[in-house]
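Printed here is work28.pdb (PDB, C-alpha atoms and all ligand atoms):
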```pdb
ATOM      1  CA  MET A   1     117.837  40.056 103.448  1.00  0.00           C
ATOM      2  CA  VAL A   2     114.570  41.732 102.622  1.00  0.00           C
ATOM      3  CA  ASN A   3     114.285  42.933 106.211  1.00  0.00           C
ATOM      4  CA  ARG A   4     117.793  44.287 106.100  1.00  0.00           C
ATOM      5  CA  LEU A   5     116.883  46.383 103.048  1.00  0.00           C
ATOM      6  CA  VAL A   6     113.521  47.435 104.480  1.00  0.00           C
ATOM      7  CA  THR A   7     115.182  48.648 107.681  1.00  0.00           C
ATOM      8  CA  LEU A   8     117.753  50.583 105.693  1.00  0.00           C
ATOM      9  CA  PHE A   9     115.082  52.198 103.564  1.00  0.00           C
ATOM     10  CA  SER A  10     113.062  53.086 106.684  1.00  0.00           C
ATOM     11  CA  LEU A  11     116.121  54.905 107.944  1.00  0.00           C
ATOM     12  CA  GLN A  12     116.174  56.898 104.718  1.00  0.00           C
ATOM     13  CA  ILE A  13     112.475  57.843 105.066  1.00  0.00           C
ATOM     14  CA  VAL A  14     113.019  59.151 108.584  1.00  0.00           C
ATOM     15  CA  ASP A  15     116.178  60.979 107.524  1.00  0.00           C
ATOM     16  CA  ASP A  16     114.239  62.574 104.647  1.00  0.00           C
ATOM     17  CA  GLU A  17     111.728  63.895 107.154  1.00  0.00           C
ATOM     18  CA  LEU A  18     114.511  65.211 109.365  1.00  0.00           C
ATOM     19  CA  ASP A  19     116.104  66.908 106.339  1.00  0.00           C
ATOM     20  CA  GLU A  20     112.795  68.527 105.482  1.00  0.00           C
ATOM     21  CA  LEU A  21     112.488  69.880 109.010  1.00  0.00           C
ATOM     22  CA  GLU A  22     115.951  71.343 108.836  1.00  0.00           C
ATOM     23  CA  GLU A  23     115.276  72.908 105.462  1.00  0.00           C
ATOM     24  CA  LEU A  24     112.084  74.479 106.750  1.00  0.00           C
ATOM     25  CA  ARG A  25     113.975  75.961 109.651  1.00  0.00           C
ATOM     26  CA  GLY A  26     117.024  76.915 107.591  1.00  0.00           C
ATOM     27  CA  ASP A  27     115.617  79.718 105.487  1.00  0.00           C
ATOM     28  CA  LEU A  28     114.298  81.896 108.279  1.00  0.00           C
ATOM     29  CA  PRO A  29     117.511  82.470 110.255  1.00  0.00           C
ATOM     30  CA  LEU A  30     119.143  83.589 107.001  1.00  0.00           C
ATOM     31  CA  ARG A  31     116.272  85.984 106.361  1.00  0.00           C
ATOM     32  CA  VAL A  32     116.504  87.310 109.919  1.00  0.00           C
ATOM     33  CA  ASN A  33     120.265  87.809 109.558  1.00  0.00           C
ATOM     34  CA  GLY A  34     119.792  89.511 106.210  1.00  0.00           C
ATOM     35  CA  LEU A  35     117.233  91.907 107.626  1.00  0.00           C
ATOM     36  CA  ASN A  36     119.421  92.676 110.634  1.00  0.00           C
ATOM     37  CA  ALA A  37     122.298  93.521 108.316  1.00  0.00           C
ATOM     38  CA  LYS A  38     120.074  95.703 106.147  1.00  0.00           C
ATOM     39  CA  ILE A  39     118.706  97.610 109.133  1.00  0.00           C
ATOM     40  CA  LYS A  40     122.234  98.151 110.446  1.00  0.00           C
ATOM     41  CA  GLU A  41     123.383  99.402 107.074  1.00  0.00           C
ATOM     42  CA  ILE A  42     120.576 101.975 106.858  1.00  0.00           C
ATOM     43  CA  GLN A  43     121.064 102.961 110.499  1.00  0.00           C
ATOM     44  CA  ASP A  44     124.786 103.495 109.886  1.00  0.00           C
ATOM     45  CA  GLN A  45     123.974 105.759 106.940  1.00  0.00           C
ATOM     46  CA  ILE A  46     121.511 107.724 109.081  1.00  0.00           C
ATOM     47  CA  ASP A  47     124.059 108.051 111.911  1.00  0.00           C
ATOM     48  CA  GLU A  48     126.703 109.269 109.518  1.00  0.00           C
ATOM     49  CA  LYS A  49     124.346 111.886 108.081  1.00  0.00           C
ATOM     50  CA  GLU A  50     123.208 112.918 111.569  1.00  0.00           C
ATOM     51  CA  ASN A  51     126.834 113.444 112.607  1.00  0.00           C
ATOM     52  CA  SER A  52     127.549 115.443 109.515  1.00  0.00           C
ATOM     53  CA  ARG A  53     124.415 117.524 110.131  1.00  0.00           C
ATOM     54  CA  THR A  54     125.362 118.198 113.760  1.00  0.00           C
ATOM     55  CA  GLU A  55     128.843 119.202 112.662  1.00  0.00           C
ATOM     56  CA  SER A  56     127.425 121.572 110.086  1.00  0.00           C
ATOM     57  CA  LEU A  57     125.050 123.106 112.663  1.00  0.00           C
ATOM     58  CA  GLU A  58     127.937 123.623 115.078  1.00  0.00           C
ATOM     59  CA  LYS A  59     130.048 125.320 112.431  1.00  0.00           C
ATOM     60  CA  ARG A  60     127.127 127.557 111.531  1.00  0.00           C
ATOM     61  CA  LYS A  61     126.783 128.579 115.142  1.00  0.00           C
ATOM     62  CA  GLU A  62     130.512 129.325 115.408  1.00  0.00           C
ATOM     63  CA  ASN A  63     130.307 131.409 112.233  1.00  0.00           C
ATOM     64  CA  GLU A  64     127.307 133.323 113.552  1.00  0.00           C
ATOM     65  CA  GLU A  65     129.171 134.180 116.732  1.00  0.00           C
ATOM     66  CA  GLU A  66     132.152 135.309 114.694  1.00  0.00           C
ATOM     67  CA  ILE A  67     129.900 137.431 112.449  1.00  0.00           C
ATOM     68  CA  GLU A  68     128.409 139.015 115.564  1.00  0.00           C
ATOM     69  CA  ARG A  69     131.858 139.816 116.934  1.00  0.00           C
ATOM     70  CA  LEU A  70     133.028 141.217 113.595  1.00  0.00           C
ATOM     71  CA  THR A  71     129.877 143.337 113.216  1.00  0.00           C
ATOM     72  CA  SER A  72     130.338 144.877 116.606  1.00  0.00           C
ATOM     73  CA  ASN A  73     134.035 145.566 115.818  1.00  0.00           C
ATOM     74  CA  LEU A  74     133.014 147.086 112.535  1.00  0.00           C
ATOM     75  CA  LYS A  75     130.687 149.488 114.352  1.00  0.00           C
ATOM     76  CA  LYS A  76     133.530 150.518 116.651  1.00  0.00           C
ATOM     77  CA  PHE A  77     135.943 151.013 113.752  1.00  0.00           C
ATOM     78  CA  LYS A  78     133.420 153.134 111.862  1.00  0.00           C
ATOM     79  CA  ALA A  79     132.870 155.303 114.941  1.00  0.00           C
ATOM     80  CA  GLN A  80     136.631 155.696 115.329  1.00  0.00           C
ATOM     81  CA  LEU A  81     136.919 156.896 111.732  1.00  0.00           C
ATOM     82  CA  TYR A  82     135.513 160.276 112.852  1.00  0.00           C
ATOM     83  CA  LYS A  83     138.194 160.605 115.476  1.00  0.00           C
ATOM     84  CA  VAL A  84     141.289 159.855 113.411  1.00  0.00           C
ATOM     85  CA  ARG A  85     144.143 162.283 113.703  1.00  0.00           C
ATOM     86  CA  ASN A  86     146.296 161.336 110.733  1.00  0.00           C
ATOM     87  CA  ASN A  87     146.396 159.402 107.484  1.00  0.00           C
ATOM     88  CA  LYS A  88     148.276 156.547 109.028  1.00  0.00           C
ATOM     89  CA  GLU A  89     145.499 155.929 111.545  1.00  0.00           C
ATOM     90  CA  TYR A  90     142.888 156.368 108.836  1.00  0.00           C
ATOM     91  CA  ASP A  91     144.570 153.786 106.604  1.00  0.00           C
ATOM     92  CA  ALA A  92     144.905 151.323 109.445  1.00  0.00           C
ATOM     93  CA  LEU A  93     141.226 151.664 110.318  1.00  0.00           C
ATOM     94  CA  THR A  94     139.944 151.345 106.735  1.00  0.00           C
ATOM     95  CA  LYS A  95     142.102 148.278 106.391  1.00  0.00           C
ATOM     96  CA  GLU A  96     140.456 146.797 109.517  1.00  0.00           C
ATOM     97  CA  ILE A  97     137.006 147.759 108.203  1.00  0.00           C
ATOM     98  CA  ASP A  98     137.668 146.161 104.802  1.00  0.00           C
ATOM     99  CA  HIS A  99     138.981 143.051 106.436  1.00  0.00           C
ATOM    100  CA  SER A 100     135.963 142.769 108.782  1.00  0.00           C
ATOM    101  CA  GLU A 101     133.518 143.335 105.951  1.00  0.00           C
ATOM    102  CA  SER A 102     135.072 140.731 103.703  1.00  0.00           C
ATOM    103  CA  GLU A 103     135.235 138.267 106.617  1.00  0.00           C
ATOM    104  CA  ILE A 104     131.525 138.846 107.377  1.00  0.00           C
ATOM    105  CA  GLU A 105     130.724 138.295 103.716  1.00  0.00           C
ATOM    106  CA  ARG A 106     132.770 135.100 103.578  1.00  0.00           C
ATOM    107  CA  LEU A 107     131.230 133.669 106.751  1.00  0.00           C
ATOM    108  CA  THR A 108     127.698 134.588 105.659  1.00  0.00           C
ATOM    109  CA  SER A 109     128.078 132.809 102.346  1.00  0.00           C
ATOM    110  CA  GLU A 110     129.684 129.820 104.122  1.00  0.00           C
ATOM    111  CA  ASN A 111     126.672 129.673 106.413  1.00  0.00           C
ATOM    112  CA  GLU A 112     124.293 129.717 103.469  1.00  0.00           C
ATOM    113  CA  GLU A 113     126.118 126.657 102.188  1.00  0.00           C
ATOM    114  CA  PHE A 114     125.927 125.004 105.592  1.00  0.00           C
ATOM    115  CA  GLU A 115     122.216 125.710 105.700  1.00  0.00           C
ATOM    116  CA  LEU A 116     121.677 124.105 102.284  1.00  0.00           C
ATOM    117  CA  LYS A 117     123.816 121.133 103.281  1.00  0.00           C
ATOM    118  CA  GLY A 118     121.891 120.741 106.553  1.00  0.00           C
ATOM    119  CA  GLU A 119     118.581 120.871 104.708  1.00  0.00           C
ATOM    120  CA  LYS A 120     119.770 118.261 102.212  1.00  0.00           C
ATOM    121  CA  LEU A 121     120.939 115.943 105.008  1.00  0.00           C
ATOM    122  CA  LYS A 122     117.663 116.405 106.863  1.00  0.00           C
ATOM    123  CA  ASN A 123     115.739 115.304 103.751  1.00  0.00           C
ATOM    124  CA  GLU A 124     118.036 112.350 103.190  1.00  0.00           C
ATOM    125  CA  ILE A 125     117.599 111.220 106.788  1.00  0.00           C
ATOM    126  CA  ALA A 126     113.831 111.564 106.465  1.00  0.00           C
ATOM    127  CA  GLU A 127     113.965 109.364 103.366  1.00  0.00           C
ATOM    128  CA  LEU A 128     116.082 106.694 105.042  1.00  0.00           C
ATOM    129  CA  THR A 129     114.220 106.478 108.347  1.00  0.00           C
ATOM    130  CA  PRO A 130     111.097 104.626 107.053  1.00  0.00           C
ATOM    131  CA  GLY A 131     113.427 101.908 105.689  1.00  0.00           C
ATOM    132  CA  VAL A 132     114.548 101.131 109.228  1.00  0.00           C
ATOM    133  CA  ASP A 133     110.962 101.019 110.490  1.00  0.00           C
ATOM    134  CA  GLU A 134     109.689  98.872 107.615  1.00  0.00           C
ATOM    135  CA  ASN A 135     112.527  96.391 107.906  1.00  0.00           C
ATOM    136  CA  SER A 136     112.150  96.272 111.672  1.00  0.00           C
ATOM    137  CA  ILE A 137     108.488  95.278 111.277  1.00  0.00           C
ATOM    138  CA  VAL A 138     109.361  92.502 108.805  1.00  0.00           C
ATOM    139  CA  LEU A 139     112.202  91.422 111.077  1.00  0.00           C
ATOM    140  CA  GLU A 140     109.911  91.166 114.066  1.00  0.00           C
ATOM    141  CA  GLU A 141     107.394  89.121 112.065  1.00  0.00           C
ATOM    142  CA  ASN A 142     110.148  86.802 110.908  1.00  0.00           C
ATOM    143  CA  GLN A 143     111.462  86.373 114.412  1.00  0.00           C
ATOM    144  CA  VAL A 144     108.010  85.467 115.718  1.00  0.00           C
ATOM    145  CA  GLU A 145     107.572  82.998 112.850  1.00  0.00           C
ATOM    146  CA  LEU A 146     111.027  81.563 113.440  1.00  0.00           C
ATOM    147  CA  LYS A 147     110.336  80.983 117.124  1.00  0.00           C
ATOM    148  CA  LYS A 148     107.047  79.267 116.308  1.00  0.00           C
ATOM    149  CA  ILE A 149     108.615  77.046 113.657  1.00  0.00           C
ATOM    150  CA  ILE A 150     111.528  76.163 115.913  1.00  0.00           C
ATOM    151  CA  LYS A 151     109.154  75.223 118.728  1.00  0.00           C
ATOM    152  CA  GLU A 152     107.028  72.982 116.475  1.00  0.00           C
ATOM    153  CA  ASN A 153     110.157  71.692 114.872  1.00  0.00           C
ATOM    154  CA  VAL A 154     111.785  70.699 118.148  1.00  0.00           C
ATOM    155  CA  ILE A 155     108.815  68.556 119.128  1.00  0.00           C
ATOM    156  CA  GLN A 156     108.706  66.840 115.764  1.00  0.00           C
ATOM    157  CA  GLU A 157     112.445  66.464 115.632  1.00  0.00           C
ATOM    158  CA  THR A 158     112.518  64.735 119.016  1.00  0.00           C
ATOM    159  CA  ILE A 159     109.907  62.220 117.837  1.00  0.00           C
ATOM    160  CA  LEU A 160     111.789  61.592 114.597  1.00  0.00           C
ATOM    161  CA  ARG A 161     115.165  61.303 116.317  1.00  0.00           C
ATOM    162  CA  GLU A 162     113.789  58.632 118.669  1.00  0.00           C
ATOM    163  CA  LYS A 163     112.322  56.796 115.711  1.00  0.00           C
ATOM    164  CA  ARG A 164     115.625  57.048 113.862  1.00  0.00           C
ATOM    165  CA  GLU A 165     117.595  55.746 116.798  1.00  0.00           C
ATOM    166  CA  LYS A 166     115.394  52.668 117.067  1.00  0.00           C
ATOM    167  CA  ILE A 167     115.748  51.933 113.344  1.00  0.00           C
ATOM    168  CA  ALA A 168     119.477  52.623 113.346  1.00  0.00           C
ATOM    169  CA  GLU A 169     119.927  50.040 116.113  1.00  0.00           C
ATOM    170  CA  GLN A 170     118.471  47.418 113.790  1.00  0.00           C
ATOM    171  CA  VAL A 171     120.724  48.322 110.852  1.00  0.00           C
ATOM    172  CA  LYS A 172     123.883  46.269 110.516  1.00  0.00           C
ATOM    173  CA  LYS A 173     126.962  48.329 111.321  1.00  0.00           C
ATOM    174  CA  PRO A 174     128.612  47.954 107.862  1.00  0.00           C
ATOM    175  CA  ASP A 175     125.304  48.836 106.151  1.00  0.00           C
ATOM    176  CA  TYR A 176     124.939  51.855 108.396  1.00  0.00           C
ATOM    177  CA  ASN A 177     128.460  53.038 107.592  1.00  0.00           C
ATOM    178  CA  VAL A 178     127.905  52.643 103.850  1.00  0.00           C
ATOM    179  CA  TYR A 179     124.580  54.431 104.125  1.00  0.00           C
ATOM    180  CA  MET A 180     126.076  57.350 106.070  1.00  0.00           C
ATOM    181  CA  LYS A 181     129.037  57.603 103.734  1.00  0.00           C
ATOM    182  CA  ILE A 182     126.823  57.878 100.646  1.00  0.00           C
ATOM    183  CA  ARG A 183     124.426  60.219 102.437  1.00  0.00           C
ATOM    184  CA  LYS A 184     127.253  62.537 103.353  1.00  0.00           C
ATOM    185  CA  ALA A 185     128.815  62.422  99.893  1.00  0.00           C
ATOM    186  CA  LEU A 186     125.551  62.977  98.019  1.00  0.00           C
ATOM    187  CA  LYS A 187     123.912  65.270 100.564  1.00  0.00           C
ATOM    188  CA  GLY A 188     120.688  63.467 101.398  1.00  0.00           C
ATOM    189  CA  LYS A 189     119.497  60.415  99.540  1.00  0.00           C
ATOM    190  CA  ALA A 190     121.671  57.342 100.043  1.00  0.00           C
ATOM    191  CA  ILE A 191     119.128  54.700  99.159  1.00  0.00           C
ATOM    192  CA  VAL A 192     116.606  54.963  96.349  1.00  0.00           C
ATOM    193  CA  THR A 193     114.153  52.896  94.330  1.00  0.00           C
ATOM    194  CA  ILE A 194     113.935  52.283  90.605  1.00  0.00           C
ATOM    195  CA  ASN A 195     111.431  54.418  88.811  1.00  0.00           C
ATOM    196  CA  ARG A 196     110.598  53.595  85.177  1.00  0.00           C
ATOM    197  CA  SER A 197     113.757  51.492  84.859  1.00  0.00           C
ATOM    198  CA  ALA A 198     115.907  54.361  86.119  1.00  0.00           C
ATOM    199  CA  CYS A 199     117.666  55.062  89.398  1.00  0.00           C
ATOM    200  CA  SER A 200     115.487  57.663  91.081  1.00  0.00           C
ATOM    201  CA  GLY A 201     118.598  59.253  92.547  1.00  0.00           C
ATOM    202  CA  CYS A 202     120.425  60.102  89.319  1.00  0.00           C
ATOM    203  CA  HIS A 203     117.807  59.126  86.682  1.00  0.00           C
ATOM    204  CA  ASN A 204     120.195  56.872  84.826  1.00  0.00           C
ATOM    205  CA  ILE A 205     118.785  53.675  83.376  1.00  0.00           C
ATOM    206  CA  VAL A 206     119.498  50.529  85.410  1.00  0.00           C
ATOM    207  CA  PRO A 207     120.374  47.526  83.193  1.00  0.00           C
ATOM    208  CA  SER A 208     117.464  45.108  82.940  1.00  0.00           C
ATOM    209  CA  GLN A 209     119.454  42.166  84.281  1.00  0.00           C
ATOM    210  CA  ARG A 210     120.301  44.278  87.351  1.00  0.00           C
ATOM    211  CA  GLN A 211     116.620  45.148  87.740  1.00  0.00           C
ATOM    212  CA  ILE A 212     115.672  41.487  87.804  1.00  0.00           C
ATOM    213  CA  GLU A 213     118.306  40.763  90.452  1.00  0.00           C
ATOM    214  CA  LEU A 214     117.152  43.737  92.449  1.00  0.00           C
ATOM    215  CA  ARG A 215     113.597  42.534  92.531  1.00  0.00           C
ATOM    216  CA  GLN A 216     114.791  39.379  94.225  1.00  0.00           C
ATOM    217  CA  ASN A 217     115.927  41.455  97.200  1.00  0.00           C
ATOM    218  CA  ARG A 218     118.801  39.099  97.864  1.00  0.00           C
ATOM    219  CA  ARG A 219     121.685  41.498  98.222  1.00  0.00           C
ATOM    220  CA  LEU A 220     122.703  45.098  98.435  1.00  0.00           C
ATOM    221  CA  PHE A 221     123.099  46.740  95.034  1.00  0.00           C
ATOM    222  CA  THR A 222     124.403  50.174  94.294  1.00  0.00           C
ATOM    223  CA  CYS A 223     123.683  52.312  91.250  1.00  0.00           C
ATOM    224  CA  GLU A 224     126.550  52.132  88.774  1.00  0.00           C
ATOM    225  CA  SER A 225     126.171  55.809  87.958  1.00  0.00           C
ATOM    226  CA  CYS A 226     125.693  57.581  91.274  1.00  0.00           C
ATOM    227  CA  GLY A 227     126.683  54.953  93.836  1.00  0.00           C
ATOM    228  CA  ARG A 228     123.414  55.084  95.782  1.00  0.00           C
ATOM    229  CA  ILE A 229     121.975  51.888  97.220  1.00  0.00           C
ATOM    230  CA  LEU A 230     119.166  50.643  94.992  1.00  0.00           C
ATOM    231  CA  VAL A 231     116.135  48.784  96.320  1.00  0.00           C
ATOM    232  CA  SER A 232     113.003  47.370  94.725  1.00  0.00           C
ATOM    233  CA  ALA A 233     109.625  49.016  94.957  1.00  0.00           C
ATOM    234  CA  GLU A 234     108.539  46.175  97.222  1.00  0.00           C
ATOM    235  CA  VAL A 235     111.191  47.132  99.784  1.00  0.00           C
ATOM    236  CA  ALA A 236     110.065  50.772  99.684  1.00  0.00           C
ATOM    237  CA  ILE A 237     106.436  49.779 100.254  1.00  0.00           C
ATOM    238  CA  GLU A 238     107.372  47.488 103.140  1.00  0.00           C
ATOM    239  CA  ALA A 239     109.464  50.245 104.725  1.00  0.00           C
ATOM    240  CA  GLU A 240     106.619  52.720 104.557  1.00  0.00           C
ATOM    241  CA  LYS A 241     104.259  50.152 106.002  1.00  0.00           C
ATOM    242  CA  SER A 242     106.651  49.497 108.880  1.00  0.00           C
ATOM    243  CA  LEU A 243     106.602  53.224 109.657  1.00  0.00           C
ATOM    244  CA  GLY A 244     102.817  53.230 109.616  1.00  0.00           C
ATOM    245  CA  LYS A 245     102.482  55.240 106.437  1.00  0.00           C
TER
HETATM  246 ZN    ZN A 301     121.885  56.473  90.477  1.00  0.00          ZN
END
```
Is it possible to express this structure as structure tokens?
Amino acid sequence: MVNRLVTLFSLQIVDDELDELEELRGDLPLRVNGLNAKIKEIQDQIDEKENSRTESLEKRKENEEEIERLTSNLKKFKAQLYKVRNNKEYDALTKEIDHSESEIERLTSENEEFELKGEKLKNEIAELTPGVDENSIVLEENQVELKKIIKENVIQETILREKREKIAEQVKKPDYNVYMKIRKALKGKAIVTINRSACSGCHNIVPSQRQIELRQNRRLFTCESCGRILVSAEVAIEAEKSLGK
């Protein structure tokens, strides 16, 4: 029986190491994803502002061309004023002149606004751009680190997986199923020792009679509070020894 418990506990030790590896690897991909999202968000803002700036520049150019056309018309109208033959013609021309002048005024003030808007957008883009660069540098560093960790991890994981397979072969099928069921339900530790009279999985006190029975290593006990398999310290020591620790 003792061997049965030792083997089961060895499985837990190896699984703990595998969990640690996964945890180590787990944080970085999240960080990389987060940074990618952040960079995209800033880049989208920049693109939007760039588009708006281009649009404003185009409108300014259109307005300038229109101002030019109106100015040249205005010149013609003013020259024609000297050649009018009647009041009707005079009125029509002054109306055209007034209209051209007010249009030029309107377009000029619109362009001043466009210029201010363009300047504001330019500044905003200049403020946002370093954010992309900074995040890209951090992202690159994280990606390099991630690759390195994954590479080291893969080697270690292969070794541990082989070790686990060998141990798992020695575990009785029902024990293995119970172990896996608890491990899945409690996310990690399925088999624990008693530490200071308490289950080291849930820290609840184990009745002293149960502790005595446990120390005899005669059967499989589970914690009444959390349902984890409980083993004596002796079993834990033997398991570590068997793994060369
Ligand atoms: Zn417990």
### Message
List as a ChimeraX atom specification the protein and nucleic acid residues lying within 12 Å of ligand ZN 301 (chain A), with all atoms listed in the file counted.
### Response
/A:182,186,189-195,197-207,221-231
### Query
CA of Glu152 (chain A) and CA of Lys187 (chain A) are how many Å apart?
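CA of Lys187 (chain A) lies at a distance of 24.4 Å from CA of Glu152 (chain A).
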### Task
For CA of Leu74 (chain A) and CA of Asn87 (chain A), determine how far apart the two atoms are, in Å to one decimal place.
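Interatomic distance here is 18.9 Å.
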### Message
Going by the chain IDs and residue numbers used in this file, which residues fall under the PyMOL selection byres (((chain A and resi 218) around 10) and not hetatm)? Write them as a PyMOL selection string.
### Response
chain A and resi 1-2+4-5+213-217+219-221
### Message
Calculated over all atoms listed in the file, which of the candidates A:Val84, A:Ala168, A:Leu107, A:Leu24 has the smallest distance to Glu66 (chain A)?
### Response
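For Glu66 (chain A), the nearest of the given residues is A:Leu107.
Across A:Gln80, A:Leu70, A:Lys122, A:Glu145, the tightest approach to Asp98 (chain A) is made by A:Leu70 when counting only C-alpha atoms.
CA of His99 (chain A) is positioned 20.2 Å from CA of Asn86 (chain A).
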### Summary
Using all atoms listed in the file, the best pick from A:Ile212, A:Phe9, A:Asn153, A:Asn3 as closest to Tyr176 (chain A) would be A:Phe9
### Query
What residues come out when you apply the PyMOL selection byres (((chain A and resi 22) around 12) and not hetatm) to this file, written as a ChimeraX atom specification?
/A:15-21,23-29,149-150,152-154,156-157,188
### Task
Find the residues near Thr71 (chain A): any atom within 8 Å, counting only C-alpha atoms, skip ones fewer than 3 places away on the same chain, and give them as a list in words.
Ile67, Glu68, Leu74, Lys75, Ser100 and Ile104 of chain A
#### Entry: Hits from the PyMOL selection byres (((chain A and resi 115) around 12) and not hetatm), listed as a VMD selection string
chain A and resid 53 to 61 63 108 to 114 116 to 122
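The closest residue to Arg69 (chain A), picked from A:Glu103, A:Lys88, A:Lys151, A:Glu41 and counting all atoms listed in the file, is A:Glu103.
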Spatial neighbours of Glu127 (chain A), 12 Å, all atoms listed in the file, chain gap at least 3 places, as a short mmCIF file (atom, residue, chain, number, x, y, z; two decimals) with C-alpha atoms, in the coordinates of the input:
```cif
data_model
loop_
_atom_site.label_atom_id
_atom_site.label_comp_id
_atom_site.auth_asym_id
_atom_site.auth_seq_id
_atom_site.Cartn_x
_atom_site.Cartn_y
_atom_site.Cartn_z
CA ILE A 42 120.58 101.98 106.86
CA GLN A 43 121.06 102.96 110.50
CA GLN A 45 123.97 105.76 106.94
CA ILE A 46 121.51 107.72 109.08
CA LYS A 49 124.35 111.89 108.08
CA LYS A 120 119.77 118.26 102.21
CA LEU A 121 120.94 115.94 105.01
CA LYS A 122 117.66 116.40 106.86
CA ASN A 123 115.74 115.30 103.75
CA GLU A 124 118.04 112.35 103.19
CA PRO A 130 111.10 104.63 107.05
CA GLY A 131 113.43 101.91 105.69
CA VAL A 132 114.55 101.13 109.23
CA ASP A 133 110.96 101.02 110.49
#
```
### Query
Closest to Ala79 (chain A) among A:Ile97, A:Glu62, A:Ala37, A:Ser242, using only C-alpha atoms?
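Among the listed residues, A:Ile97 lies closest to Ala79 (chain A).
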### Which of A:Val171, A:Leu8, A:Leu128, A:Val14 sits closest to Val235 (chain A) [using only C-alpha atoms]
A:Leu8
### Query
What's the 10 Å shell around Leu35 (chain A), counting only C-alpha atoms, without same-chain residues fewer than 2 positions away, as a PyMOL selection string?
chain A and resi 29-33+37-41+132+135-136+138-140+142
Determine the axis-aligned bounding box of all atoms of region 206-209 of chain A present in the file, pad each side by 4 Å, and express its centre and edge lengths in Å to one decimal place as AutoDock Vina command-line options.
```
--center_x 118.9 --center_y 46.3 --center_z 84.2 --size_x 10.9 --size_y 16.4 --size_z 10.5
```
